[in-house]
Amino acid sequence: MYYRIKDNIALRSWKFVPRAYYIKNDPYAKGLSEEDFELLLRCDGEQDIEPSPFIDTLVYRGLIEECVKGHAPSSWSALRVCENRYFPKMNFMITGKCNFNCLHCFNAADNAPIMTEWSYDEALDLLDQARDCGVNAFTITGGEPMLHPQFMELIEAIYERGMFVEELNTNGYFITQEKLDRMKSIGCRPMIKISFDGIGCHDWMRDRKGAEERTLAAMELCIKNGFRVMSQTQVHRRNLHTLLDTAKKLSSIGVSTLRLIRTTEVIRWITNAPDSCLSLEQYYTEMLKFMQEYKKMDTSMNVIIWQFLRAYPVSRSYSLDAVLCASGDMKATDPVCKGNRGMVGVTSSGDIVPCLQMSGYFEEHGIHLGNLHRTPLKELLTDSDYSKEVCKNLYKLAKANSKCAECKMFKYCNGGCPALGLLFTGDRNGSDLSKCVFYENGWYYKVREVMDGWRNSTQIDELEAQ
């Protein structure tokens with residue numbers, strides 16, 4: 001009998017991850033045993049294979065299907081051997097240009113507009129390289145990505161190469177029915193993350209009159225067309241009073257997730273609104289006040305409170321961002337940041353960064369880990385300053401950071417967020433002070449009290465006993 005790898009399955013091999021496969025529109029690869037991998041290679045529509053329990057298992061798992069002789073797997077499904085390390089995703093800032101002048105933008109070191117942008121040909125070349133390196137999923141961002149003159153053509157080019165767009169970050173200003181129809185026509189259904197900074201506050205934060213009305217209309221249009229929408233909402237002193245009404249409004253129009261983000265102390269925000277930043281203690285306090293009221297709402301909209309907690313009303317459950325390893329059985333070989341380890345950050349100037357939230361700081365301090373206009377992606381993902389930075393493990397972090405190494409909570413927080421550690425301390429091995437404050441000042445217990453009646457999916461037994 002003849003078998004072929006199904007069209008939604010793709011065999012891949014990377015340095016240190018030699019046997020794996022992707023499922024269409026699932027960003028992460030899954031590992032394979034040597035036996036399964038070798039058998040899948042034979043399922044090429046040409047080799048006559050005797051039915052067996054092993055074949056039956058692969059059919060049951062949805063990896064292969066019976067076929068007529070000569071029906072070969074698609075070019076996307078065929079084995080692709082990548083000599084670089086495994087990186088399944090790319091956060092691609094296709095342009096730095098923006099029609100807003102947001103007061104808090106982390107992409108820049110000052111208030112000067114960012115004018116760098118990938119040309120169409122340069123971007124296509126990078127997409128070719130990404131495909132050949134085994135990248136599978138993209139977050140498309142800017143600036144305002146829809147300002148790129150070939151925005152839709154670049155989206156289509158990703159799909160033409162067998163990759164897909166998982167998320168789209170936008171201010172929503174240029175979303176139209178035509179664009180949404182064109183995206184749907186190629187199967188592009190990303191989570192659309194739209195910035196919205198509160199009823200009555202959005203225009204000020206984005207420095208654009210009429211932005212609030214336009215943004216809410218864009219959200220409604222996306223939801224009407226079946227796209228999931230996440231609202232990315234900055235939190236600071238000037239909009240605290242609007243958050244509950246904002247949540248009610250967003251829930252009423254069908255937003256699936258509200259992400260509340262403490263506006264951090266990047267240089268642009270400090271320059272433009274020096275009195276508006278919340279301290280970590282103030283942020284945690286105000287967010288718990290918000291959750292106390294939000295729990296009373298009849299809503300299915302999830303809430304992500306950046307670097308603090310995630311709440312899921314439908315299941316009446318929550319998780320804590322300061323708990324990355326609830327069991328405490330952390331692996332010293334795990335990467336310091338799984339997000340950085342799995343997603344390549346690419347700026348509009350071509351710099352490769354651990355995450356785009358670090359890009360403004362890196363630019364301001366002259367830190368460069370590589371540039372894709374000068375160095376091929378494969379080289380940067382194999383053995384480079386960039387790969388050493390993002391592949392740094394917890395053992396190396398503990399060796400370089402005595403505060404974390406000596407802290408009994410390190411086994412739970414795993415050092416927290418590297419970007420915040422860098423921001424708070426100026427040290428690329430610095431402590432994420434937001435996690436220090438969380439544990440040292442008893443916020444685990446304060447959250448537990450406010451969220452009483454909801455299940456904590458990141459419960460630490462050692463702390464629960466106290």
# chains A, B, ... in the order shown; residues from 1 in each chain; ligands from 1
$ select_by_dssp --residues "range 119-256 of chain A" --states "helix (DSSP H, G or I)" --output "count of residues only"
68
$ select_by_dssp --residues "range 154-350 of chain A" --states "strand (DSSP E or B)" --output "ChimeraX atom specification"
/A:164-170,191-195,229-235,257-262,302-305,309-312,317-320,335,343-346
$ closest_residue --among "A:Glu66, A:Glu265, A:Glu34, A:Glu166" --to "Gly360 in chain A" --atoms "only C-alpha atoms"
A:Glu265
$ residues_around --residues "range 120-135 of chain A" --least-positions-apart "6" --cutoff "8 Å" --atoms "only C-alpha atoms" --output "PyMOL selection string"
chain A and resi 12+14+80+82-84+86-90+94+150+154+157-158+161-163+372+376-378
$ write_last_selection --atoms "N, CA and C atoms" --output "compact mmCIF listing (two decimals), in the first residue's frame"
# COMPACT_ATOMS: atom_id res chain seq x y z
N ARG A 12 10.38 18.57 9.63
CA ARG A 12 11.46 19.54 9.77
C ARG A 12 12.58 18.95 10.64
N TRP A 14 16.26 20.49 12.66
CA TRP A 14 17.14 21.60 13.01
C TRP A 14 18.34 21.09 13.80
N ARG A 80 12.41 19.36 5.43
CA ARG A 80 13.32 20.48 5.23
C ARG A 80 14.37 20.42 6.33
N CYS A 82 17.28 22.13 8.30
CA CYS A 82 17.77 23.48 8.60
C CYS A 82 19.02 23.34 9.48
N GLU A 83 20.09 23.98 9.09
CA GLU A 83 21.35 23.85 9.81
C GLU A 83 21.42 24.74 11.05
N ASN A 84 20.48 25.65 11.19
CA ASN A 84 20.46 26.57 12.31
C ASN A 84 19.69 25.98 13.49
N TYR A 86 16.56 25.83 16.23
CA TYR A 86 15.11 25.88 16.08
C TYR A 86 14.55 27.20 16.61
N PHE A 87 13.93 27.97 15.73
CA PHE A 87 13.17 29.17 16.09
C PHE A 87 11.87 29.14 15.29
N PRO A 88 10.75 28.85 15.92
CA PRO A 88 9.50 28.68 15.17
C PRO A 88 8.80 29.96 14.74
N LYS A 89 9.14 31.10 15.40
CA LYS A 89 8.35 32.31 15.15
C LYS A 89 9.26 33.52 14.92
N MET A 90 8.68 34.52 14.27
CA MET A 90 9.40 35.79 14.05
C MET A 90 8.45 36.95 14.32
N ILE A 94 7.88 45.47 10.16
CA ILE A 94 8.12 45.74 8.74
C ILE A 94 8.35 47.22 8.45
N GLN A 150 3.49 47.97 0.76
CA GLN A 150 3.16 46.62 0.28
C GLN A 150 2.71 45.72 1.43
N LEU A 154 3.01 41.63 1.41
CA LEU A 154 3.89 40.91 2.32
C LEU A 154 3.14 39.84 3.10
N ALA A 157 2.76 37.08 0.75
CA ALA A 157 4.04 36.41 0.50
C ALA A 157 4.37 35.41 1.61
N ILE A 158 3.97 35.71 2.83
CA ILE A 158 4.19 34.77 3.94
C ILE A 158 3.43 33.48 3.67
N ARG A 161 4.74 31.15 0.97
CA ARG A 161 5.92 30.38 1.37
C ARG A 161 5.59 29.32 2.42
N GLY A 162 4.31 29.09 2.65
CA GLY A 162 3.90 28.03 3.56
C GLY A 162 3.94 28.40 5.03
N MET A 163 4.15 29.69 5.33
CA MET A 163 4.14 30.16 6.71
C MET A 163 2.81 30.88 6.97
N LEU A 372 20.28 42.05 9.90
CA LEU A 372 19.92 41.16 8.79
C LEU A 372 20.18 41.75 7.43
N PRO A 376 23.33 36.94 7.12
CA PRO A 376 22.21 36.05 6.84
C PRO A 376 21.54 35.55 8.12
N LEU A 377 20.24 35.34 8.05
CA LEU A 377 19.47 34.87 9.19
C LEU A 377 20.02 33.56 9.72
N LYS A 378 20.36 32.63 8.83
CA LYS A 378 20.86 31.32 9.25
C LYS A 378 22.08 31.46 10.15
$ residues_around --residues "Met93 in chain A" --least-positions-apart "4" --cutoff "7 Å" --atoms "only C-alpha atoms" --output "list of chain:residue names"
A:Ile140, A:Thr141, A:Gly142, A:Val346, A:Thr347, A:Ser348
$ write_last_selection --atoms "all heavy atoms" --output "compact mmCIF listing (two decimals), in the first residue's frame"
# COMPACT_ATOMS: atom_id res chain seq x y z
N ILE A 140 3.25 40.32 12.91
CA ILE A 140 3.57 41.47 12.06
C ILE A 140 3.26 42.73 12.85
O ILE A 140 2.17 42.90 13.40
CB ILE A 140 2.75 41.44 10.75
CG1 ILE A 140 3.09 40.18 9.94
CG2 ILE A 140 3.02 42.69 9.93
CD1 ILE A 140 4.54 40.09 9.50
N THR A 141 4.26 43.63 12.90
CA THR A 141 4.10 44.81 13.73
C THR A 141 4.84 45.99 13.12
O THR A 141 5.43 45.89 12.05
CB THR A 141 4.62 44.51 15.16
OG1 THR A 141 4.28 45.58 16.03
CG2 THR A 141 6.12 44.28 15.18
N GLY A 142 4.78 47.15 13.80
CA GLY A 142 5.47 48.34 13.37
C GLY A 142 5.98 49.07 14.60
O GLY A 142 6.20 48.46 15.64
N VAL A 346 12.82 41.22 14.97
CA VAL A 346 13.48 41.93 13.87
C VAL A 346 12.93 43.35 13.80
O VAL A 346 11.73 43.55 13.64
CB VAL A 346 13.25 41.21 12.53
CG1 VAL A 346 13.90 41.99 11.39
CG2 VAL A 346 13.77 39.77 12.57
N THR A 347 13.81 44.34 13.93
CA THR A 347 13.38 45.73 13.90
C THR A 347 13.28 46.25 12.47
O THR A 347 13.74 45.62 11.53
CB THR A 347 14.35 46.63 14.70
OG1 THR A 347 15.57 46.77 13.95
CG2 THR A 347 14.67 46.04 16.06
N SER A 348 12.71 47.43 12.34
CA SER A 348 12.54 48.03 11.02
C SER A 348 13.87 48.42 10.38
O SER A 348 13.95 48.61 9.17
CB SER A 348 11.63 49.26 11.11
OG SER A 348 12.16 50.21 12.02
$ residues_around --residues "Ile253 in chain A" --least-positions-apart "5" --cutoff "10 Å" --atoms "only C-alpha atoms" --output "VMD selection string"
chain A and resid 216 to 217 219 to 221 223 to 224 248
$ residues_around --residues "range 18-26 of chain A" --least-positions-apart "5" --cutoff "8 Å" --atoms "only C-alpha atoms" --output "list of chain:residue names"
A:Asn8, A:Ile9, A:Ala10, A:Leu11, A:Arg12, A:Ser13, A:Gly31, A:Leu32, A:Ser33, A:Glu34, A:Phe37, A:Ala137, A:Met163, A:Phe164, A:Glu166
$ write_last_selection --atoms "C-alpha atoms" --output "PDB file, in the first residue's frame"
ATOM      1  CA  ASN A   8      -1.310  19.880   6.928  1.00  0.00           C
ATOM      2  CA  ILE A   9       1.863  18.172   8.219  1.00  0.00           C
ATOM      3  CA  ALA A  10       5.453  19.250   7.502  1.00  0.00           C
ATOM      4  CA  LEU A  11       8.628  17.374   8.445  1.00  0.00           C
ATOM      5  CA  ARG A  12      11.459  19.537   9.771  1.00  0.00           C
ATOM      6  CA  SER A  13      14.941  19.070  11.176  1.00  0.00           C
ATOM      7  CA  GLY A  31       9.129  16.126  18.345  1.00  0.00           C
ATOM      8  CA  LEU A  32       9.229  12.658  16.788  1.00  0.00           C
ATOM      9  CA  SER A  33      10.886   9.429  17.790  1.00  0.00           C
ATOM     10  CA  GLU A  34      13.589   8.163  15.460  1.00  0.00           C
ATOM     11  CA  PHE A  37      10.567   9.920  11.750  1.00  0.00           C
ATOM     12  CA  ALA A 137       4.629  31.782  12.271  1.00  0.00           C
ATOM     13  CA  MET A 163       4.137  30.161   6.710  1.00  0.00           C
ATOM     14  CA  PHE A 164       1.341  32.026   8.451  1.00  0.00           C
ATOM     15  CA  GLU A 166      -0.347  34.331  14.033  1.00  0.00           C
TER      16      GLU A 166
END
$ residues_around --residues "Gly370 in chain A" --least-positions-apart "5" --cutoff "9 Å" --atoms "only C-alpha atoms" --output "mmCIF file with N, CA, C and O atoms, in the first residue's frame"
data_model
loop_
_atom_site.group_PDB
_atom_site.id
_atom_site.type_symbol
_atom_site.label_atom_id
_atom_site.label_comp_id
_atom_site.auth_asym_id
_atom_site.auth_seq_id
_atom_site.Cartn_x
_atom_site.Cartn_y
_atom_site.Cartn_z
ATOM 1 N N GLY A 350 16.470 46.419 10.618
ATOM 2 C CA GLY A 350 17.139 45.160 10.324
ATOM 3 C C GLY A 350 17.865 44.544 11.498
ATOM 4 O O GLY A 350 18.390 43.435 11.391
ATOM 5 N N ASP A 351 17.911 45.242 12.636
ATOM 6 C CA ASP A 351 18.563 44.669 13.809
ATOM 7 C C ASP A 351 17.780 43.460 14.315
ATOM 8 O O ASP A 351 16.542 43.434 14.267
ATOM 9 N N ILE A 352 18.492 42.470 14.812
ATOM 10 C CA ILE A 352 17.879 41.301 15.420
ATOM 11 C C ILE A 352 18.016 41.465 16.933
ATOM 12 O O ILE A 352 19.096 41.762 17.445
ATOM 13 N N VAL A 353 16.899 41.333 17.651
ATOM 14 C CA VAL A 353 16.873 41.610 19.089
ATOM 15 C C VAL A 353 16.143 40.475 19.804
ATOM 16 O O VAL A 353 15.316 39.780 19.212
ATOM 17 N N THR A 375 24.051 40.349 7.682
ATOM 18 C CA THR A 375 24.356 38.961 8.057
ATOM 19 C C THR A 375 23.153 38.084 7.783
ATOM 20 O O THR A 375 22.032 38.429 8.167
ATOM 21 N N LEU A 380 22.881 34.068 12.039
ATOM 22 C CA LEU A 380 22.490 34.666 13.315
ATOM 23 C C LEU A 380 21.750 33.680 14.211
ATOM 24 O O LEU A 380 21.768 33.814 15.438
ATOM 25 N N SER A 384 26.060 33.068 17.150
ATOM 26 C CA SER A 384 26.228 34.518 17.065
ATOM 27 C C SER A 384 25.992 35.126 18.441
ATOM 28 O O SER A 384 25.559 34.438 19.382
ATOM 29 N N ASP A 385 26.253 36.409 18.568
ATOM 30 C CA ASP A 385 25.953 37.101 19.822
ATOM 31 C C ASP A 385 24.471 37.003 20.140
ATOM 32 O O ASP A 385 24.070 36.856 21.297
ATOM 33 N N TYR A 386 23.649 37.084 19.089
ATOM 34 C CA TYR A 386 22.201 36.977 19.290
ATOM 35 C C TYR A 386 21.817 35.597 19.819
ATOM 36 O O TYR A 386 21.082 35.477 20.813
#
$ closest_residue --among "A:Leu397, A:Met358, A:Leu288, A:Val447" --to "Leu423 in chain A" --atoms "only C-alpha atoms"
A:Met358
$ closest_residue --among "A:Pro73, A:Gly345, A:Gly210, A:Pro27" --to "Glu46 in chain A" --atoms "only C-alpha atoms"
A:Pro73
